[in-house]
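Beneath this line is the structure, given in structure tokens, with notes to follow.
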Amino acid sequence: MTSLTESASQVGEENVLTVGSPAPSIKVEDWLRGQPVTKFGPGKVYIIDFWATWCPPCIASMPGLVTLQRKYRSNGVEVVGIAAEEQASSADEARASLDDWLTKNLPNLNFPIAFDYAGEMNKLWMDPSVSFGIPSSFVVDREGRLAFIGHPTELENVLPKILNSSWAVSDEAKALDAERINRARREKRERELMEPIFARLRAALNTEDWAAALSVVEEALAAMPDHVGLHELHAELLLHKIRDMRAGLVVLRQLVRDAIEQKCVHRMRVAIRQLFDPAKDYSGFPHAERFAMGKDLSEHILAANPPQGSENAKFLSYGAVAQYYCETGKRDRAIELVEVALKWLDAAPMPDLTKRKLVQLLTQGFGELQE
């Protein structure tokens with residue numbers, strides 16, 4: 001097994017924060033909810049969660065953090081939310097927007113929220129731990145050392161072991177942290193490799209040079225064959241921009257097969273939106289095959305029991321699934337599915353603008369259900 005020190009050095013960073021490192025300090029501008037946490041009290045365990053209101057996975061993880069706080073408060077656990085990635089033209093605007101969002105979406109929040117627009121917390125925590133995205137959670141143990149760095153969905157398994165002092169010395173903890181750092185190394189290399197490619201792709205898409213965009217996408221897929229977004233764009237370009245049905249259907253058939261074989265709701269959503277989107281022209285599609293693939297995908301989407309964090313892909317697929325049912329003469333079933341998705345969306349905590357866009361996406365083609 002690669003040691004943590006070796007893994008950290010491979011990332012090319014000095015003084016990388018790992019399990020066992022002393023926890024950095026907390027340096028924020030404001031506390032918008034709860035009592036400020038200015039230092040780590042002895043004998044307590046802290047979950048420091050980095051999140052943002054524009055980040056769907058962050059929002060999806062919030063109910064779990066609320067549950068952990070309620071469940072383990074008597075064990076000395078304190079959750080602290082760090083909003084360090086809010087997007088606005090000024091700190092005052094970001095602070096006001098965040099405060100409004102918390103009031104509307106999390107009125108019964110049971111842990112403090114800190115606001116950091118200047119980026120000090122990222123410099124102290126995220127950057128030294130080679131944590132490149134949010135949500136990211138850090139657990140500080142009773143001795144003031146980092147016991148865990150990773151995704152908040154992993155906390156339910158990890159936190160009890162931290163509380164009984166079995167985690168930090170375990171092989172599982174060492175392996176998880178080593179994999180985290182090695183993953184950061186891979187992602188860093190991928191970004192360095194792909195950024196010039198994505199710059200060319202953005203330029204081609206902005207000028208609607210579909211042939212150039214297709215060439216770049218195929219180059220990118222050779223380097224990143226598992227990138228779902230690239231597979232989506234590949235099918236979109238061939239089928240709906242260039243209108244090369246022969247090549248496009250080959251790509252789409254493979255996308256459908258992979259989605260079903262892997263039981264991947266994200267890929268299923270991508271595939272069915274290529275087949276049943278009321279904004280697209282399907283005049284050149286083979287009718288029987290389109291509906292056969294739609295039937296297969298719809299049945300698998302409706303039967304899927306996705307892991308936590310993938311529910312959005314399942315329910316946001318319902319707009320395309322509903323379009324399939326509508327075109328097969330089952331409009332009542334279509335409306336029923338859209339209403340299920342809208343009910344899920346109504347309860348999902350997310351920014352209002354994002355929610356409005358998703359409502360429009362789900363109800364497209366169903367005028368009676370639009371706002």
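Residues are referred to by chain and number: the chain letter is A, B, ... according to the order shown in the structure tokens, the number counts from 1 in that chain, and ligands are numbered separately from 1 in the order shown.
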Range 145-246 of chain A: residues DSSP assigns to helix (DSSP H, G or I), reported as a ChimeraX atom specification: /A:152-163,171-206,210-223,228-241,245-246
Cut-off 8 Å: closest range 107-219 of chain A/range 42-58 of chain A atom pairs per residue, using only C-alpha atoms, as JSON lines:
{"residue": "A:Ile134", "atom": "CA", "partner": "A:Trp51", "partner_atom": "CA", "distance": 5.7}
{"residue": "A:Pro135", "atom": "CA", "partner": "A:Cys58", "partner_atom": "CA", "distance": 5.0}
{"residue": "A:Ser136", "atom": "CA", "partner": "A:Phe50", "partner_atom": "CA", "distance": 5.3}
{"residue": "A:Ser137", "atom": "CA", "partner": "A:Asp49", "partner_atom": "CA", "distance": 4.3}
{"residue": "A:Phe138", "atom": "CA", "partner": "A:Ile48", "partner_atom": "CA", "distance": 5.0}
{"residue": "A:Val139", "atom": "CA", "partner": "A:Ile47", "partner_atom": "CA", "distance": 4.6}
{"residue": "A:Val140", "atom": "CA", "partner": "A:Tyr46", "partner_atom": "CA", "distance": 5.0}
{"residue": "A:Asp141", "atom": "CA", "partner": "A:Val45", "partner_atom": "CA", "distance": 4.8}
{"residue": "A:Arg142", "atom": "CA", "partner": "A:Gly43", "partner_atom": "CA", "distance": 4.4}
{"residue": "A:Glu143", "atom": "CA", "partner": "A:Pro42", "partner_atom": "CA", "distance": 6.5}
{"residue": "A:Gly144", "atom": "CA", "partner": "A:Pro42", "partner_atom": "CA", "distance": 7.2}
{"residue": "A:Pro152", "atom": "CA", "partner": "A:Asp49", "partner_atom": "CA", "distance": 7.5}
{"residue": "A:Leu163", "atom": "CA", "partner": "A:Val45", "partner_atom": "CA", "distance": 7.8}
Residues flagged strand (DSSP E) by DSSP in range 83-201 of chain A, as a list in words: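 Reading the DSSP output for range 83-201 of chain A, strand (DSSP E) covers Ala83, Ile113, Ala114, Phe115, Ser136, Ser137, Phe138, Val139, Val140, Leu146, Ala147, Phe148, Ile149 and Gly150 of chain A.
Residue nearest Ala303 in chain A within the list A:Glu29, A:Pro107, A:Ile162, A:Tyr318: A:Tyr318 [criterion: smallest interatomic distance, only C-alpha atoms].
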Within 12 Å of range 97-99 of chain A using only C-alpha atoms, minus same-chain residues under 4 positions, as a PyMOL selection string: chain A and resi 30-33+51-54+82-93+103-107+113-117+350-352
Atomic distance CA of Pro24 in chain A - CA of Thr38 in chain A, expressed in Å with one decimal: 11.5 Å
Ala211 in chain A environment, 8 Å, only C-alpha atoms, sequence neighbours closer than 3 positions dropped, as an MDAnalysis selection string: chainID A and resid 214:215 242
Kindly save the residues from that selection, with N, CA, C and O atoms included, as a PDB file, in the first residue's frame.
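Contents of selection-v4.pdb, freshly written:
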ATOM      1  N   LEU A 214     -17.380  18.246 -32.761  1.00  0.00           N
ATOM      2  CA  LEU A 214     -17.411  16.781 -32.773  1.00  0.00           C
ATOM      3  C   LEU A 214     -15.999  16.214 -32.732  1.00  0.00           C
ATOM      4  O   LEU A 214     -15.726  15.257 -31.995  1.00  0.00           O
ATOM      5  N   SER A 215     -15.102  16.795 -33.497  1.00  0.00           N
ATOM      6  CA  SER A 215     -13.717  16.326 -33.513  1.00  0.00           C
ATOM      7  C   SER A 215     -13.077  16.457 -32.130  1.00  0.00           C
ATOM      8  O   SER A 215     -12.388  15.544 -31.668  1.00  0.00           O
ATOM      9  N   ILE A 242     -25.441  17.851 -36.341  1.00  0.00           N
ATOM     10  CA  ILE A 242     -24.932  17.447 -37.657  1.00  0.00           C
ATOM     11  C   ILE A 242     -25.955  16.608 -38.416  1.00  0.00           C
ATOM     12  O   ILE A 242     -25.959  16.552 -39.639  1.00  0.00           O
TER      13      ILE A 242
END
Residues near range 216-231 of chain A, cut-off 10 Å, only C-alpha atoms, skip fewer than 2 positions along chain, as a ChimeraX atom specification: /A:190,193-194,197-202,204,210-214,233-237,251-252,254-255,266-267,270-271
Write a file of the selected residues as a short mmCIF file (atom, residue, chain, number, x, y, z; two decimals), in the first residue's frame, keeping N, CA, C and O atoms.
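Output (selection_18.cif):
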data_model
loop_
_atom_site.label_atom_id
_atom_site.label_comp_id
_atom_site.auth_asym_id
_atom_site.auth_seq_id
_atom_site.Cartn_x
_atom_site.Cartn_y
_atom_site.Cartn_z
N GLU A 190 -5.61 15.12 -14.98
CA GLU A 190 -6.68 15.15 -15.97
C GLU A 190 -7.04 16.59 -16.33
O GLU A 190 -7.23 16.93 -17.50
N LEU A 193 -4.42 18.08 -18.46
CA LEU A 193 -4.48 17.51 -19.80
C LEU A 193 -5.67 18.03 -20.59
O LEU A 193 -5.57 18.34 -21.78
N MET A 194 -6.82 18.15 -19.93
CA MET A 194 -8.06 18.42 -20.62
C MET A 194 -8.38 19.90 -20.81
O MET A 194 -9.16 20.24 -21.69
N ILE A 197 -8.08 21.14 -24.27
CA ILE A 197 -9.10 20.50 -25.12
C ILE A 197 -10.46 21.14 -24.90
O ILE A 197 -11.18 21.47 -25.85
N PHE A 198 -10.82 21.35 -23.64
CA PHE A 198 -12.11 21.96 -23.34
C PHE A 198 -12.17 23.42 -23.81
O PHE A 198 -13.25 23.91 -24.18
N ALA A 199 -11.04 24.11 -23.81
CA ALA A 199 -11.02 25.48 -24.34
C ALA A 199 -11.36 25.46 -25.83
O ALA A 199 -12.13 26.32 -26.32
N ARG A 200 -10.81 24.51 -26.58
CA ARG A 200 -11.13 24.40 -28.01
C ARG A 200 -12.59 24.00 -28.21
O ARG A 200 -13.25 24.46 -29.14
N LEU A 201 -13.09 23.15 -27.30
CA LEU A 201 -14.49 22.73 -27.40
C LEU A 201 -15.42 23.91 -27.16
O LEU A 201 -16.40 24.11 -27.91
N ARG A 202 -15.14 24.71 -26.15
CA ARG A 202 -15.98 25.87 -25.87
C ARG A 202 -15.99 26.83 -27.06
O ARG A 202 -17.04 27.37 -27.43
N ALA A 204 -15.50 26.11 -30.24
CA ALA A 204 -16.27 25.52 -31.34
C ALA A 204 -17.77 25.60 -31.08
O ALA A 204 -18.55 25.91 -31.99
N TRP A 210 -20.07 22.81 -35.58
CA TRP A 210 -20.41 21.49 -35.04
C TRP A 210 -19.39 20.43 -35.44
O TRP A 210 -19.09 19.53 -34.65
N ALA A 211 -18.84 20.53 -36.63
CA ALA A 211 -17.85 19.54 -37.07
C ALA A 211 -16.59 19.63 -36.21
O ALA A 211 -16.02 18.61 -35.80
N ALA A 212 -16.15 20.86 -35.94
CA ALA A 212 -14.97 21.04 -35.09
C ALA A 212 -15.27 20.56 -33.67
O ALA A 212 -14.43 19.92 -33.02
N ALA A 213 -16.47 20.87 -33.17
CA ALA A 213 -16.85 20.44 -31.83
C ALA A 213 -16.85 18.92 -31.74
O ALA A 213 -16.38 18.34 -30.75
N LEU A 214 -17.38 18.25 -32.76
CA LEU A 214 -17.41 16.78 -32.77
C LEU A 214 -16.00 16.21 -32.73
O LEU A 214 -15.73 15.26 -31.99
N LEU A 233 -22.83 14.98 -25.08
CA LEU A 233 -22.56 15.95 -26.14
C LEU A 233 -22.25 15.24 -27.45
O LEU A 233 -22.63 15.72 -28.53
N HIS A 234 -21.58 14.09 -27.39
CA HIS A 234 -21.27 13.31 -28.60
C HIS A 234 -22.55 12.93 -29.33
O HIS A 234 -22.69 13.14 -30.55
N ALA A 235 -23.51 12.38 -28.57
CA ALA A 235 -24.79 11.99 -29.17
C ALA A 235 -25.55 13.21 -29.67
O ALA A 235 -26.14 13.20 -30.76
N GLU A 236 -25.56 14.28 -28.89
CA GLU A 236 -26.28 15.50 -29.26
C GLU A 236 -25.76 16.09 -30.57
O GLU A 236 -26.53 16.48 -31.46
N LEU A 237 -24.45 16.14 -30.71
CA LEU A 237 -23.86 16.70 -31.92
C LEU A 237 -24.21 15.87 -33.16
O LEU A 237 -24.62 16.41 -34.20
N VAL A 251 -23.75 5.55 -31.66
CA VAL A 251 -23.36 6.13 -30.37
C VAL A 251 -24.49 6.00 -29.36
O VAL A 251 -24.27 5.61 -28.19
N LEU A 252 -25.72 6.30 -29.78
CA LEU A 252 -26.85 6.25 -28.87
C LEU A 252 -27.15 4.83 -28.40
O LEU A 252 -27.44 4.61 -27.23
N GLN A 254 -25.07 2.41 -28.02
CA GLN A 254 -24.06 2.05 -27.03
C GLN A 254 -24.33 2.74 -25.71
O GLN A 254 -24.17 2.14 -24.64
N LEU A 255 -24.75 3.99 -25.76
CA LEU A 255 -25.07 4.74 -24.55
C LEU A 255 -26.21 4.07 -23.79
O LEU A 255 -26.17 3.92 -22.56
N HIS A 266 -27.73 8.25 -14.20
CA HIS A 266 -27.23 9.43 -14.90
C HIS A 266 -27.15 9.17 -16.40
O HIS A 266 -27.58 10.00 -17.22
N ARG A 267 -26.61 8.01 -16.79
CA ARG A 267 -26.52 7.67 -18.21
C ARG A 267 -27.91 7.43 -18.80
O ARG A 267 -28.16 7.76 -19.97
N VAL A 270 -29.37 10.79 -19.61
CA VAL A 270 -28.75 11.34 -20.81
C VAL A 270 -29.34 10.68 -22.05
O VAL A 270 -29.71 11.35 -23.03
N ALA A 271 -29.46 9.36 -22.03
CA ALA A 271 -29.92 8.62 -23.20
C ALA A 271 -31.36 8.94 -23.54
O ALA A 271 -31.70 9.19 -24.71
#
Test item: residues at most 9 Å from Leu302 in chain A, only C-alpha atoms, excluding those fewer than 3 positions along its chain, as JSON, numbers by chain: {"A": [297, 298, 299, 305, 314, 315, 318, 321]}
Residues of the last selection are to be written out with N, CA and C atoms, as a short mmCIF file (atom, residue, chain, number, x, y, z; two decimals), in the first residue's frame.
data_model
loop_
_atom_site.label_atom_id
_atom_site.label_comp_id
_atom_site.auth_asym_id
_atom_site.auth_seq_id
_atom_site.Cartn_x
_atom_site.Cartn_y
_atom_site.Cartn_z
N LEU A 297 -35.64 2.07 -21.64
CA LEU A 297 -35.08 3.04 -20.70
C LEU A 297 -36.11 3.47 -19.66
N SER A 298 -37.34 3.72 -20.09
CA SER A 298 -38.37 4.16 -19.15
C SER A 298 -38.60 3.14 -18.06
N GLU A 299 -38.68 1.87 -18.45
CA GLU A 299 -38.91 0.82 -17.45
C GLU A 299 -37.76 0.74 -16.45
N ASN A 305 -33.48 2.13 -8.14
CA ASN A 305 -33.41 2.55 -6.74
C ASN A 305 -32.01 3.14 -6.54
N LYS A 314 -32.68 10.49 -11.38
CA LYS A 314 -33.87 9.65 -11.58
C LYS A 314 -35.11 10.53 -11.82
N PHE A 315 -35.37 11.46 -10.90
CA PHE A 315 -36.61 12.22 -11.00
C PHE A 315 -36.57 13.24 -12.13
N TYR A 318 -37.84 12.06 -15.41
CA TYR A 318 -39.27 11.81 -15.57
C TYR A 318 -39.90 12.69 -16.65
N VAL A 321 -39.29 10.66 -19.73
CA VAL A 321 -40.11 9.44 -19.62
C VAL A 321 -41.58 9.79 -19.88
#
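The spacing separating CA of Val169 in chain A from CA of Ala23 in chain A amounts to 17.1 Å.
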Distance query range 333-337 of chain A at most 8 Å, only C-alpha atoms, self and fewer than 5 positions along chain excluded, as an MDAnalysis selection string: chainID A and resid 318:319 321:326 366
Next, the residues of the selection above should be written as a PDB file, in the first residue's frame with N, CA and C atoms.
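To be explicit, this is the file written out as again_11.pdb:
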ATOM      1  N   TYR A 318     -37.843  12.059 -15.409  1.00  0.00           N
ATOM      2  CA  TYR A 318     -39.270  11.811 -15.574  1.00  0.00           C
ATOM      3  C   TYR A 318     -39.898  12.690 -16.649  1.00  0.00           C
ATOM      4  N   GLY A 319     -39.317  13.867 -16.933  1.00  0.00           N
ATOM      5  CA  GLY A 319     -39.858  14.686 -18.008  1.00  0.00           C
ATOM      6  C   GLY A 319     -39.775  13.970 -19.348  1.00  0.00           C
ATOM      7  N   VAL A 321     -39.289  10.660 -19.731  1.00  0.00           N
ATOM      8  CA  VAL A 321     -40.107   9.444 -19.625  1.00  0.00           C
ATOM      9  C   VAL A 321     -41.577   9.787 -19.881  1.00  0.00           C
ATOM     10  N   ALA A 322     -42.010  10.900 -19.311  1.00  0.00           N
ATOM     11  CA  ALA A 322     -43.396  11.331 -19.519  1.00  0.00           C
ATOM     12  C   ALA A 322     -43.660  11.631 -20.991  1.00  0.00           C
ATOM     13  N   GLN A 323     -42.679  12.215 -21.670  1.00  0.00           N
ATOM     14  CA  GLN A 323     -42.843  12.490 -23.091  1.00  0.00           C
ATOM     15  C   GLN A 323     -43.005  11.195 -23.888  1.00  0.00           C
ATOM     16  N   TYR A 324     -42.254  10.159 -23.475  1.00  0.00           N
ATOM     17  CA  TYR A 324     -42.402   8.851 -24.121  1.00  0.00           C
ATOM     18  C   TYR A 324     -43.836   8.337 -23.947  1.00  0.00           C
ATOM     19  N   TYR A 325     -44.349   8.390 -22.710  1.00  0.00           N
ATOM     20  CA  TYR A 325     -45.701   7.893 -22.471  1.00  0.00           C
ATOM     21  C   TYR A 325     -46.734   8.731 -23.209  1.00  0.00           C
ATOM     22  N   CYS A 326     -46.492  10.040 -23.267  1.00  0.00           N
ATOM     23  CA  CYS A 326     -47.426  10.925 -23.965  1.00  0.00           C
ATOM     24  C   CYS A 326     -47.506  10.567 -25.448  1.00  0.00           C
ATOM     25  N   PHE A 366     -46.025  19.964 -21.394  1.00  0.00           N
ATOM     26  CA  PHE A 366     -47.210  19.726 -20.556  1.00  0.00           C
ATOM     27  C   PHE A 366     -47.689  21.079 -20.042  1.00  0.00           C
TER      28      PHE A 366
END
